[in-house]
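Asker: Contents of data.txt (compact mmCIF, C-alpha atoms) are given next:
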```
# COMPACT_ATOMS: atom_id res chain seq x y z
CA MET M 1 -89.23 140.58 -167.12
CA ILE M 2 -89.27 139.92 -170.86
CA ILE M 3 -92.47 141.94 -170.99
CA SER M 4 -90.65 144.81 -169.32
CA LEU M 5 -87.87 144.69 -171.92
CA PHE M 6 -90.37 144.88 -174.76
CA ARG M 7 -92.16 147.80 -173.10
CA GLN M 8 -88.91 149.79 -173.06
CA GLY M 9 -88.86 149.89 -176.85
CA LEU M 10 -85.49 148.18 -177.15
CA SER M 11 -84.24 146.75 -180.43
CA ALA M 12 -84.15 142.97 -180.97
CA GLN M 13 -80.38 143.01 -180.51
CA GLU M 14 -80.66 144.93 -177.23
CA ILE M 15 -83.37 142.58 -175.94
CA ILE M 16 -81.18 139.54 -176.66
CA TYR M 17 -78.21 141.25 -174.98
CA TYR M 18 -80.14 142.00 -171.80
CA LEU M 19 -81.73 138.55 -171.76
CA ILE M 20 -78.25 137.02 -171.71
CA ILE M 21 -77.22 139.39 -168.91
CA ILE M 22 -80.38 138.62 -166.93
CA LEU M 23 -80.04 134.86 -167.41
CA PHE M 24 -76.45 135.03 -166.17
CA ALA M 25 -77.49 136.98 -163.07
CA LEU M 26 -80.52 134.82 -162.30
CA THR M 27 -78.62 131.58 -162.79
CA ILE M 28 -75.89 132.54 -160.34
CA SER M 29 -78.32 133.98 -157.79
CA PHE M 30 -80.73 131.04 -157.74
CA ALA M 31 -78.14 128.26 -158.10
CA PHE M 32 -75.96 129.54 -155.24
CA HIS M 33 -79.00 130.13 -153.03
CA GLU M 34 -80.18 126.53 -153.34
CA PHE M 35 -76.64 125.12 -153.23
CA MET M 36 -76.08 126.81 -149.88
CA HIS M 37 -79.23 125.21 -148.45
CA ALA M 38 -77.94 121.82 -149.60
CA ALA M 39 -74.37 122.38 -148.43
CA VAL M 40 -75.34 123.45 -144.91
CA ALA M 41 -77.83 120.59 -144.52
CA VAL M 42 -75.17 118.07 -145.59
CA TRP M 43 -72.57 119.70 -143.32
CA LEU M 44 -74.99 119.39 -140.41
CA GLY M 45 -75.35 115.65 -141.06
CA ASP M 46 -78.19 115.08 -143.51
CA PRO M 47 -77.19 113.28 -146.75
CA THR M 48 -80.59 113.86 -148.40
CA PRO M 49 -79.57 116.86 -150.57
CA ARG M 50 -76.47 115.02 -151.79
CA ASN M 51 -78.49 111.89 -152.57
CA MET M 52 -80.99 113.99 -154.53
CA GLY M 53 -78.24 115.61 -156.60
CA ARG M 54 -78.64 119.06 -155.06
CA LEU M 55 -75.13 119.44 -153.62
CA THR M 56 -73.93 121.10 -156.82
CA LEU M 57 -73.55 124.52 -158.40
CA ASN M 58 -75.02 123.17 -161.64
CA PRO M 59 -78.01 125.51 -162.18
CA LEU M 60 -79.99 122.80 -163.97
CA ALA M 61 -80.28 120.93 -160.67
CA HIS M 62 -81.89 123.92 -158.98
CA LEU M 63 -84.13 125.55 -161.59
CA ASP M 64 -87.85 124.86 -161.45
CA PRO M 65 -89.21 124.89 -165.05
CA MET M 66 -92.47 126.73 -164.31
CA GLY M 67 -90.88 129.09 -161.79
CA THR M 68 -88.12 129.98 -164.25
CA VAL M 69 -90.52 130.68 -167.12
CA LEU M 70 -92.71 132.90 -164.93
CA LEU M 71 -89.66 134.72 -163.62
CA LEU M 72 -88.38 135.49 -167.12
CA VAL M 73 -91.77 136.50 -168.47
CA ALA M 74 -93.40 138.27 -165.54
CA GLY M 75 -90.56 138.91 -163.06
CA PHE M 76 -92.04 136.59 -160.40
CA GLY M 77 -90.87 133.00 -159.97
CA TRP M 78 -89.05 130.49 -157.83
CA GLY M 79 -86.33 127.84 -157.77
CA LYS M 80 -86.63 124.17 -156.87
CA PRO M 81 -86.66 123.89 -153.05
CA VAL M 82 -83.96 121.77 -151.43
CA MET M 83 -85.44 118.91 -149.46
CA TYR M 84 -83.75 117.79 -146.23
CA ASN M 85 -84.58 115.60 -143.24
CA PRO M 86 -84.37 117.54 -139.94
CA THR M 87 -84.08 114.32 -137.94
CA ASN M 88 -80.71 113.62 -139.59
CA LEU M 89 -79.13 116.85 -138.36
CA HIS M 90 -76.74 116.00 -135.53
CA ARG M 91 -73.64 118.24 -135.63
CA PHE M 92 -74.90 120.46 -132.78
CA LYS M 93 -77.20 119.88 -129.82
CA SER M 94 -79.92 122.34 -130.81
CA ARG M 95 -82.17 120.87 -133.51
CA ARG M 96 -84.00 124.18 -133.74
CA GLY M 97 -80.74 126.07 -134.20
CA MET M 98 -79.63 123.70 -136.98
CA ASN M 99 -82.95 124.07 -138.80
CA ILE M 100 -82.57 127.84 -138.66
CA MET M 101 -79.05 127.51 -140.06
CA VAL M 102 -80.35 125.52 -143.04
CA HIS M 103 -83.15 128.01 -143.71
CA LEU M 104 -80.82 131.02 -143.51
CA ALA M 105 -78.12 129.41 -145.64
CA GLY M 106 -79.71 130.50 -148.92
CA VAL M 107 -79.98 134.19 -148.08
CA THR M 108 -76.47 134.09 -146.60
CA GLY M 109 -75.26 132.75 -149.93
CA ASN M 110 -77.07 135.55 -151.74
CA LEU M 111 -75.45 138.14 -149.48
CA PHE M 112 -72.02 136.68 -150.30
CA ILE M 113 -72.73 136.66 -154.04
CA ALA M 114 -74.08 140.22 -153.89
CA TYR M 115 -70.90 141.35 -152.13
CA ILE M 116 -68.60 139.71 -154.68
CA ALA M 117 -70.74 140.98 -157.57
CA SER M 118 -70.68 144.55 -156.23
CA ILE M 119 -66.87 144.50 -156.09
CA LEU M 120 -66.58 143.03 -159.60
CA SER M 121 -69.05 145.54 -161.04
CA LEU M 122 -67.01 148.31 -159.46
CA LEU M 123 -63.83 146.84 -160.93
CA PHE M 124 -65.18 146.45 -164.47
CA GLY M 125 -66.84 149.86 -164.32
CA GLY M 126 -63.44 151.37 -163.56
CA LEU M 127 -61.75 149.33 -166.29
CA CYS M 128 -64.40 150.53 -168.75
CA VAL M 129 -63.30 154.13 -168.16
CA ARG M 130 -59.58 153.31 -167.90
CA PHE M 131 -59.41 151.34 -171.16
CA PRO M 132 -61.84 152.92 -173.67
CA GLY M 133 -60.73 150.51 -176.39
CA MET M 134 -62.29 147.65 -174.44
CA THR M 135 -65.43 149.54 -173.44
CA ASN M 136 -67.92 147.05 -174.90
CA VAL M 137 -66.36 144.06 -173.14
CA PHE M 138 -65.92 145.74 -169.77
CA MET M 139 -69.38 147.33 -169.95
CA ALA M 140 -70.96 143.91 -170.57
CA LEU M 141 -69.08 142.47 -167.58
CA TYR M 142 -70.04 145.46 -165.46
CA GLU M 143 -73.74 145.03 -166.29
CA ALA M 144 -73.60 141.26 -165.78
CA PHE M 145 -72.27 141.60 -162.25
CA TYR M 146 -74.38 144.67 -161.46
CA TYR M 147 -77.53 142.72 -162.35
CA THR M 148 -76.19 139.79 -160.32
CA TYR M 149 -75.90 142.13 -157.34
CA LEU M 150 -79.46 143.41 -157.86
CA PHE M 151 -81.01 139.95 -158.28
CA SER M 152 -79.09 138.45 -155.35
CA MET M 153 -80.21 141.26 -153.06
CA SER M 154 -83.79 140.96 -154.28
CA LEU M 155 -83.75 137.19 -153.76
CA LEU M 156 -82.31 137.69 -150.28
CA ALA M 157 -85.03 140.19 -149.34
CA PHE M 158 -87.86 138.19 -150.91
CA ASN M 159 -86.89 135.01 -149.07
CA LEU M 160 -86.75 136.84 -145.74
CA LEU M 161 -90.45 137.71 -145.96
CA PRO M 162 -92.22 135.85 -143.09
CA ILE M 163 -94.72 134.21 -145.45
CA PRO M 164 -94.90 130.48 -146.32
CA PRO M 165 -93.10 128.86 -148.04
CA LEU M 166 -90.23 131.36 -147.85
CA ASP M 167 -87.14 131.00 -145.67
CA GLY M 168 -88.08 133.91 -143.45
CA PHE M 169 -91.27 132.13 -142.45
CA HIS M 170 -89.46 128.87 -141.69
CA VAL M 171 -87.04 130.73 -139.41
CA LEU M 172 -89.96 132.38 -137.62
CA GLU M 173 -91.73 129.03 -137.45
CA GLU M 174 -88.83 127.51 -135.52
CA LEU M 175 -89.29 130.19 -132.85
CA LEU M 176 -93.06 129.80 -132.44
CA PRO M 177 -94.60 127.77 -129.59
CA TYR M 178 -95.79 124.29 -130.51
CA LYS M 179 -99.39 125.03 -129.44
CA PHE M 180 -99.55 127.95 -131.82
CA LYS M 181 -98.21 125.86 -134.72
CA ALA M 182 -100.81 123.17 -133.97
CA SER M 183 -103.74 125.59 -134.13
CA ASP M 184 -106.32 125.64 -136.91
CA GLY M 185 -105.66 129.31 -137.63
CA TYR M 186 -102.00 128.59 -138.21
CA ARG M 187 -102.80 125.80 -140.66
CA LYS M 188 -105.26 128.03 -142.53
CA PHE M 189 -102.63 130.74 -142.80
CA GLN M 190 -100.19 128.26 -144.35
CA ARG M 191 -102.80 127.29 -146.95
CA VAL M 192 -103.65 130.85 -148.01
CA ALA M 193 -100.10 132.25 -147.74
CA PRO M 194 -99.18 131.59 -151.40
CA MET M 195 -102.20 133.69 -152.38
CA ILE M 196 -100.89 136.51 -150.17
CA LEU M 197 -97.64 136.47 -152.14
CA MET M 198 -99.54 136.53 -155.42
CA VAL M 199 -101.69 139.46 -154.28
CA LEU M 200 -98.61 141.40 -153.17
CA PHE M 201 -96.96 140.77 -156.54
CA LEU M 202 -100.03 141.74 -158.56
CA ALA M 203 -100.60 144.85 -156.44
CA SER M 204 -96.99 145.90 -156.99
CA SER M 205 -97.08 145.17 -160.71
CA PHE M 206 -100.43 146.69 -161.62
CA GLY M 207 -101.44 148.84 -158.65
CA SER M 208 -100.54 152.43 -157.87
CA ILE M 209 -98.63 151.47 -154.71
CA PRO M 210 -95.70 149.01 -155.15
CA ILE M 211 -96.28 147.27 -151.81
CA LEU M 212 -93.95 144.33 -152.43
CA SER M 213 -91.17 146.55 -153.78
CA LEU M 214 -91.39 148.79 -150.72
CA LEU M 215 -91.22 145.80 -148.37
CA LEU M 216 -88.19 144.41 -150.18
CA ASP M 217 -86.46 147.80 -150.13
CA TYR M 218 -86.85 148.00 -146.35
CA ILE M 219 -85.47 144.47 -145.92
CA LYS M 220 -82.55 145.10 -148.29
CA TRP M 221 -81.50 148.39 -146.74
CA PRO M 222 -79.33 147.10 -143.83
CA PHE M 223 -77.68 144.48 -146.05
CA GLU M 224 -76.89 147.09 -148.69
CA LYS M 225 -75.29 149.27 -146.03
CA LEU M 226 -73.26 146.30 -144.79
CA ILE M 227 -71.97 145.63 -148.31
CA ASP M 228 -71.10 149.32 -148.71
CA ILE M 229 -69.03 149.22 -145.51
CA LEU M 230 -67.27 145.97 -146.45
CA SER M 231 -66.51 147.34 -149.93
CA VAL M 232 -64.64 150.44 -148.66
CA PRO M 233 -61.17 148.77 -148.83
CA PHE M 234 -61.81 147.87 -152.48
CA TYR M 235 -62.99 151.40 -153.29
CA MET M 236 -59.76 152.71 -151.83
CA LEU M 237 -57.66 150.12 -153.65
CA PHE M 238 -59.24 150.80 -157.02
CA GLN M 239 -58.78 154.55 -156.54
CA LEU M 240 -55.14 153.97 -155.61
CA ILE M 241 -54.44 152.08 -158.83
CA GLY M 242 -56.35 154.59 -160.93
CA LEU M 243 -59.63 152.76 -161.63
```
Render the structure in this file as structure tokens.
Answerer:
Amino acid sequence: MIISLFRQGLSAQEIIYYLIIILFALTISFAFHEFMHAAVAVWLGDPTPRNMGRLTLNPLAHLDPMGTVLLLVAGFGWGKPVMYNPTNLHRFKSRRGMNIMVHLAGVTGNLFIAYIASILSLLFGGLCVRFPGMTNVFMALYEAFYYTYLFSMSLLAFNLLPIPPLDGFHVLEELLPYKFKASDGYRKFQRVAPMILMVLFLASSFGSIPILSLLLDYIKWPFEKLIDILSVPFYMLFQLIGL
């Protein structure tokens, strides 16, 4: 990501500006994603995330040092996974259903953040035009929330990929027969899966066909349309008040 900023030929001041914007967006997107995993696990009966200090919106509790550095430098990284004990989940009868709820909590949180960020970016974009004397302030807020929308949607789509150790895989895993999960082929797939992610990333970054980007675009599409539909009342409201 930093490499991309330098490649664009931006000035030092512009690079610092966009780094602040990007850090803001990444912090909110990652912190809320992991917080939602923790919150749902605790709500379902497991105190492990709370005991490990993960039931918080403090981004420092959720950022993985190496994953954060790689994300900022290369655009590929990860947060610190929330650990929970499935045997402690007891709110509902279905253990499988509760596990799926925990795994989907993060992407649900990202969808919520993306929705809020899209509305705020629309608001500040309108204020930027309506009050030209405050253009710099409103433009910075617009870009901060627009990038938050983009990163939250990307994090949502990335985590829905059915590849270990992502949430999408864990949801699929809950639906697979036990015999299949106990097979040698399944175990081998789990071991090589991180390499699959790395190959997809490298192919998208340096190859002629952005495979990973295309996959994420397909996954994001229905969620983007849902946000567009849910945002219609705000579009109408902002038009009514002249924004």
Asker: I'd like the neighbourhood of Ala144 in chain M as a list in words, where a residue qualifies if any of its atoms comes within 10 Å (using all atoms listed in the file), though same-chain residues fewer than 6 positions away should be ignored.
Answerer: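 So, after excluding close chain neighbours, the residues are Tyr18, Ile20, Ile21, Ile22, Leu23, Phe24, Ala25, Ala117, Leu120, Ser121, Phe124 and Phe138 of chain M.
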Asker: Counting only C-alpha atoms, note down every residue that has an atom within 7 Å of the point (-68.6, 148.2, -160.2) (file coordinates), as an MDAnalysis selection string.
Answerer: chainID M and resid 118:126 142 146
Asker: Work out how far CA of Tyr84 in chain M is from CA of Thr48 in chain M, in Å to one decimal.
Answerer: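 These atoms are spaced 5.5 Å apart.
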Asker: As an exercise, work out the distance from CA of Tyr115 in chain M to CA of Phe145 in chain M in Å and give it to one decimal place.
Answerer: 10.2 Å
Asker: Ranking M:Gln239, M:His37, M:Met153, M:Val102 by minimum distance to Lys225 in chain M and counting only C-alpha atoms, which one comes first?
Answerer: M:Met153
Asker: Find the residues around range 220-224 of chain M up to 10 Å (all atoms listed in the file counted), leave out those fewer than 5 positions away in its own chain, and share them as a VMD selection string.
Answerer: chain M and resid 111 114 to 115 153 to 158 160 214 to 215 229 to 230
Asker: Take the residues that were just selected and, keeping C-alpha atoms, output them as a PDB file, in the coordinates of the input.
Answerer:
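File written: part06.pdb
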```
ATOM      1  CA  LEU M 111     -75.450 138.140-149.480  1.00  0.00           C
ATOM      2  CA  ALA M 114     -74.080 140.220-153.890  1.00  0.00           C
ATOM      3  CA  TYR M 115     -70.900 141.350-152.130  1.00  0.00           C
ATOM      4  CA  MET M 153     -80.210 141.260-153.060  1.00  0.00           C
ATOM      5  CA  SER M 154     -83.790 140.960-154.280  1.00  0.00           C
ATOM      6  CA  LEU M 155     -83.750 137.190-153.760  1.00  0.00           C
ATOM      7  CA  LEU M 156     -82.310 137.690-150.280  1.00  0.00           C
ATOM      8  CA  ALA M 157     -85.030 140.190-149.340  1.00  0.00           C
ATOM      9  CA  PHE M 158     -87.860 138.190-150.910  1.00  0.00           C
ATOM     10  CA  LEU M 160     -86.750 136.840-145.740  1.00  0.00           C
ATOM     11  CA  LEU M 214     -91.390 148.790-150.720  1.00  0.00           C
ATOM     12  CA  LEU M 215     -91.220 145.800-148.370  1.00  0.00           C
ATOM     13  CA  ILE M 229     -69.030 149.220-145.510  1.00  0.00           C
ATOM     14  CA  LEU M 230     -67.270 145.970-146.450  1.00  0.00           C
TER      15      LEU M 230
END
```
Asker: Hey, what's within 12 Å of Arg96 in chain M if we count only C-alpha atoms and toss same-chain stuff fewer than 6 positions away? As an NGL selection string, please?
Answerer: :M and (86-87 or 89-90 or 102-103 or 170-177)
Asker: For CA of Ala31 in chain M and CA of Asn58 in chain M, quote the distance in Å rounded to one decimal.
Answerer: 6.9 Å
Asker: Give the answer as one residue: which of M:Gly109, M:Gly9, M:Pro210, M:Gly242 has the shortest atom-to-atom distance to Phe131 in chain M, using all atoms listed in the file?
Answerer: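 Among the listed residues, M:Gly242 lies closest to Phe131 in chain M.
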Asker: Counting only C-alpha atoms, figure out which residue out of M:Asp64, M:Lys188, M:Trp78, M:Met83 gets nearest to Pro47 in chain M.
Answerer: M:Met83
Asker: Of the candidates M:Arg95, M:Arg187, M:His33, M:Lys80, which one gets nearest to Ile113 in chain M if we count only C-alpha atoms?
Answerer: M:His33
Asker: Nearest residue to Leu57 in chain M out of M:Ser29, M:Asn85, M:Leu166, M:Val129, using only C-alpha atoms?
Answerer: M:Ser29
